[in-house]
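Enquirer: Got a structure for you, query.cif, holding mmCIF, C-alpha atoms.
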data_model
#
loop_
_atom_site.group_PDB
_atom_site.id
_atom_site.type_symbol
_atom_site.label_atom_id
_atom_site.label_comp_id
_atom_site.auth_asym_id
_atom_site.auth_seq_id
_atom_site.Cartn_x
_atom_site.Cartn_y
_atom_site.Cartn_z
ATOM 1 C CA MET A 1 65.496 12.097 226.835
ATOM 2 C CA ALA A 2 67.503 14.304 224.489
ATOM 3 C CA THR A 3 69.522 12.883 221.618
ATOM 4 C CA THR A 4 72.381 14.472 219.742
ATOM 5 C CA ILE A 5 70.998 13.609 216.321
ATOM 6 C CA ASN A 6 67.292 13.559 215.529
ATOM 7 C CA TRP A 7 67.288 13.297 211.712
ATOM 8 C CA PHE A 8 69.725 12.781 208.857
ATOM 9 C CA GLU A 9 69.550 13.095 205.085
ATOM 10 C CA ILE A 10 71.812 11.387 202.572
ATOM 11 C CA PRO A 11 71.852 13.394 199.320
ATOM 12 C CA VAL A 12 71.286 11.318 196.181
ATOM 13 C CA ALA A 13 71.226 12.117 192.477
ATOM 14 C CA ASN A 14 69.103 9.069 191.606
ATOM 15 C CA LEU A 15 66.569 8.168 194.302
ATOM 16 C CA GLU A 16 65.453 4.900 192.697
ATOM 17 C CA ARG A 17 69.024 3.621 192.365
ATOM 18 C CA ALA A 18 70.013 4.722 195.876
ATOM 19 C CA GLN A 19 66.861 3.276 197.445
ATOM 20 C CA ALA A 20 67.442 -0.077 195.731
ATOM 21 C CA PHE A 21 71.061 -0.042 196.972
ATOM 22 C CA TYR A 22 70.211 0.571 200.647
ATOM 23 C CA GLU A 23 67.259 -1.823 200.637
ATOM 24 C CA LYS A 24 69.482 -4.573 199.242
ATOM 25 C CA VAL A 25 72.425 -3.912 201.575
ATOM 26 C CA LEU A 26 70.375 -3.499 204.775
ATOM 27 C CA GLY A 27 67.659 -6.017 203.911
ATOM 28 C CA ARG A 28 64.945 -3.509 204.856
ATOM 29 C CA ALA A 29 62.366 -1.590 202.840
ATOM 30 C CA LEU A 30 62.499 2.207 202.757
ATOM 31 C CA LYS A 31 59.268 4.191 202.602
ATOM 32 C CA ARG A 32 58.774 6.738 199.810
ATOM 33 C CA GLU A 33 57.482 10.158 200.870
ATOM 34 C CA ASP A 34 57.150 13.564 199.235
ATOM 35 C CA LEU A 35 57.679 16.793 201.127
ATOM 36 C CA GLY A 36 56.527 19.501 198.773
ATOM 37 C CA ASP A 37 58.766 19.171 195.716
ATOM 38 C CA ALA A 38 61.284 16.976 197.551
ATOM 39 C CA ALA A 39 61.162 13.205 197.091
ATOM 40 C CA MET A 40 62.686 11.025 199.779
ATOM 41 C CA ALA A 41 63.000 7.417 200.892
ATOM 42 C CA ILE A 42 62.818 7.057 204.669
ATOM 43 C CA PHE A 43 64.808 4.456 206.596
ATOM 44 C CA PRO A 44 62.625 2.401 208.963
ATOM 45 C CA TYR A 45 62.844 3.452 212.605
ATOM 46 C CA ASP A 46 60.764 3.313 215.777
ATOM 47 C CA GLU A 47 59.906 6.460 217.715
ATOM 48 C CA PRO A 48 61.697 7.986 219.571
ATOM 49 C CA ALA A 49 64.782 6.672 217.746
ATOM 50 C CA THR A 50 66.667 8.821 215.253
ATOM 51 C CA GLY A 51 65.219 8.809 211.754
ATOM 52 C CA GLY A 52 66.648 9.660 208.394
ATOM 53 C CA CYS A 53 66.222 9.416 204.661
ATOM 54 C CA LEU A 54 67.685 9.499 201.207
ATOM 55 C CA MET A 55 66.929 12.943 199.756
ATOM 56 C CA ALA A 56 66.591 13.328 195.987
ATOM 57 C CA GLY A 57 68.115 16.391 194.406
ATOM 58 C CA GLY A 58 69.967 17.359 197.540
ATOM 59 C CA PRO A 59 73.380 18.955 197.521
ATOM 60 C CA ARG A 60 76.127 16.998 195.814
ATOM 61 C CA ALA A 61 77.823 14.314 197.843
ATOM 62 C CA ALA A 62 81.065 15.291 199.564
ATOM 63 C CA ALA A 63 84.307 14.167 197.984
ATOM 64 C CA ALA A 64 85.307 10.647 198.975
ATOM 65 C CA GLY A 65 86.596 10.567 202.527
ATOM 66 C CA SER A 66 85.311 14.021 203.475
ATOM 67 C CA GLY A 67 82.089 15.411 204.859
ATOM 68 C CA VAL A 68 79.860 14.041 207.603
ATOM 69 C CA ARG A 69 79.714 10.286 208.120
ATOM 70 C CA ILE A 70 76.704 8.558 209.586
ATOM 71 C CA TYR A 71 76.543 4.942 210.728
ATOM 72 C CA LEU A 72 73.512 2.828 209.883
ATOM 73 C CA ASP A 73 72.395 -0.113 211.984
ATOM 74 C CA CYS A 74 72.747 -3.359 210.040
ATOM 75 C CA MET A 75 71.785 -5.839 212.747
ATOM 76 C CA PRO A 76 71.797 -8.733 213.025
ATOM 77 C CA SER A 77 75.047 -9.109 211.064
ATOM 78 C CA ILE A 78 77.532 -6.702 209.521
ATOM 79 C CA ASP A 79 78.909 -9.628 207.483
ATOM 80 C CA ALA A 80 75.539 -10.147 205.785
ATOM 81 C CA ALA A 81 75.253 -6.446 204.890
ATOM 82 C CA LEU A 82 78.834 -6.269 203.591
ATOM 83 C CA SER A 83 78.285 -9.352 201.447
ATOM 84 C CA ARG A 84 75.597 -7.431 199.535
ATOM 85 C CA VAL A 85 77.419 -4.117 198.962
ATOM 86 C CA THR A 86 79.211 -4.944 195.686
ATOM 87 C CA ALA A 87 76.204 -6.724 194.154
ATOM 88 C CA ALA A 88 74.100 -3.659 194.975
ATOM 89 C CA GLY A 89 76.517 -1.398 193.076
ATOM 90 C CA GLY A 90 78.621 -0.048 195.946
ATOM 91 C CA GLN A 91 82.139 -0.514 197.285
ATOM 92 C CA THR A 92 83.528 -1.433 200.676
ATOM 93 C CA VAL A 93 85.921 1.341 201.735
ATOM 94 C CA THR A 94 86.793 0.087 205.230
ATOM 95 C CA PRO A 95 86.290 -3.617 205.941
ATOM 96 C CA LYS A 96 84.682 -5.018 209.074
ATOM 97 C CA THR A 97 86.628 -3.671 212.039
ATOM 98 C CA ALA A 98 86.190 -4.603 215.693
ATOM 99 C CA LEU A 99 85.380 -1.847 218.165
ATOM 100 C CA PRO A 100 86.727 -1.967 221.741
ATOM 101 C CA ALA A 101 84.872 -3.157 224.835
ATOM 102 C CA ASP A 102 82.295 -5.367 223.102
ATOM 103 C CA MET A 103 80.836 -2.391 221.186
ATOM 104 C CA GLY A 104 80.514 -4.505 218.043
ATOM 105 C CA PHE A 105 81.886 -3.897 214.587
ATOM 106 C CA PHE A 106 81.873 -1.164 211.960
ATOM 107 C CA ALA A 107 82.647 -0.878 208.253
ATOM 108 C CA VAL A 108 82.407 1.930 205.696
ATOM 109 C CA LEU A 109 80.861 1.672 202.238
ATOM 110 C CA ARG A 110 80.600 3.962 199.234
ATOM 111 C CA ASP A 111 77.055 3.950 197.864
ATOM 112 C CA THR A 112 75.860 4.281 194.268
ATOM 113 C CA GLU A 113 75.802 8.078 194.658
ATOM 114 C CA GLY A 114 79.382 8.419 195.942
ATOM 115 C CA ASN A 115 78.471 8.922 199.628
ATOM 116 C CA GLU A 116 80.609 7.181 202.234
ATOM 117 C CA VAL A 117 78.367 5.709 204.930
ATOM 118 C CA GLY A 118 79.265 3.625 207.959
ATOM 119 C CA LEU A 119 77.612 0.391 209.019
ATOM 120 C CA HIS A 120 77.425 -0.859 212.625
ATOM 121 C CA ALA A 121 76.313 -4.128 214.210
ATOM 122 C CA LEU A 122 77.088 -6.051 217.374
ATOM 123 C CA ALA A 123 78.021 -9.163 215.362
#
I need this file expressed as C-alpha cells, please.
Expert:
Amino acid sequence: MATTINWFEIPVANLERAQAFYEKVLGRALKREDLGDAAMAIFPYDEPATGGCLMAGGPRAAAAGSGVRIYLDCMPSIDAALSRVTAAGGQTVTPKTALPADMGFFAVLRDTEGNEVGLHALA
C-alpha cells in the first residue's frame, strides 16, 4: 500500500532540548541515531507506518505560521499532551479543536525551536 508521506524531519537547533520537549509532551521516548555527521532523535513508529525525526543542525525553522505542518499522534488523549506543552517549554498556538465526523481532535503547538507542529488524537 502506498502512502503520501513516508518520512518527516523537524529541524532543531538544540537536539537535547527538542528531544526532551517532545518526549515530555507525547509521553514517549525518542531514539537517538547518527547518520554520518547528522544527529537525530527518531519518533517511535511501527513498520510500515510513517516515521520521522528531529534533525539537529537542519535548516532554520519557518517563521511562525508558515512552512509545512505535520500532525503527530498523541493518543490516547490530546488533553494530556496539551497539559504538558507549557511545562516542557512550548506554547499552545491553536487549542483543542473538534474535527468533523468523529475524526477526533487537533491542536497546534510551538516547540522549543520555534516550529509549529500539530497534534491529533481521537479523544
Enquirer: Quick one: which residues end up in the PyMOL selection byres ((chain A and resi 52) around 7) for this structure, as an MDAnalysis selection string?
Expert: chainID A and resid 7:9 42:43 50:51 53
Enquirer: Determine the residue set returned by the PyMOL selection byres ((chain A and resi 110) around 10) for the present structure, and present it as a ChimeraX atom specification.
Expert: /A:64-65,85-86,89-94,108-109,111-118
Enquirer: Give me a file of those residues, with C-alpha atoms, as a tab-separated table (two decimals), keeping the file's coordinate frame.
Expert:
chain	number	residue	atom	x	y	z
A	64	ALA	CA	85.31	10.65	198.98
A	65	GLY	CA	86.60	10.57	202.53
A	85	VAL	CA	77.42	-4.12	198.96
A	86	THR	CA	79.21	-4.94	195.69
A	89	GLY	CA	76.52	-1.40	193.08
A	90	GLY	CA	78.62	-0.05	195.95
A	91	GLN	CA	82.14	-0.51	197.28
A	92	THR	CA	83.53	-1.43	200.68
A	93	VAL	CA	85.92	1.34	201.74
A	94	THR	CA	86.79	0.09	205.23
A	108	VAL	CA	82.41	1.93	205.70
A	109	LEU	CA	80.86	1.67	202.24
A	111	ASP	CA	77.06	3.95	197.86
A	112	THR	CA	75.86	4.28	194.27
A	113	GLU	CA	75.80	8.08	194.66
A	114	GLY	CA	79.38	8.42	195.94
A	115	ASN	CA	78.47	8.92	199.63
A	116	GLU	CA	80.61	7.18	202.23
A	117	VAL	CA	78.37	5.71	204.93
A	118	GLY	CA	79.26	3.62	207.96
Enquirer: I'd like to know which of A:Gly27, A:Gly36, A:Gly67, A:Pro44 is closest to Pro11 of chain A, using only C-alpha atoms.
Expert: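 The answer is A:Gly67, which sits nearest to Pro11 of chain A.
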Enquirer: So what do you get for atom CA of Ala107 of chain A versus atom CA of Ile78 of chain A, distance-wise?
Expert: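 Straight-line distance from atom CA of Ala107 of chain A to atom CA of Ile78 of chain A works out to 7.9 Å.
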Enquirer: Pull out every residue that the PyMOL selection byres ((chain A and resi 98) around 12) matches in the shown coordinates and put them as a PyMOL selection string.
Expert: chain A and resi 78+94-97+99-107+119-123
Enquirer: As a ChimeraX atom specification, please: the residues near Arg17 of chain A (cut-off 12 Å, all atoms listed in the file, same-chain neighbours under 2 positions excluded).
Expert: /A:12-15,19-24,41,54,56,88-90,111-114
Enquirer: Work out how far atom CA of Ser66 of chain A is from atom CA of Arg84 of chain A, in Å to one decimal.
Expert: 23.9 Å
Enquirer: State, in Å with one decimal place, the distance from atom CA of Val68 of chain A to atom CA of Ala29 of chain A.
Expert: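 One can read the atom CA of Val68 of chain A to atom CA of Ala29 of chain A distance as 23.9 Å.
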Enquirer: Taking all atoms listed in the file into account, which of A:Ala87, A:Leu30, A:Ala63, A:Ala49 comes nearest Ile5 of chain A?
Expert: A:Ala49
Enquirer: Compare A:Val25, A:Ile10, A:Ala18, A:Met55 by their minimum atom-to-atom distance to Cys74 of chain A, counting all atoms listed in the file, and give me the closest one.
Expert: A:Val25
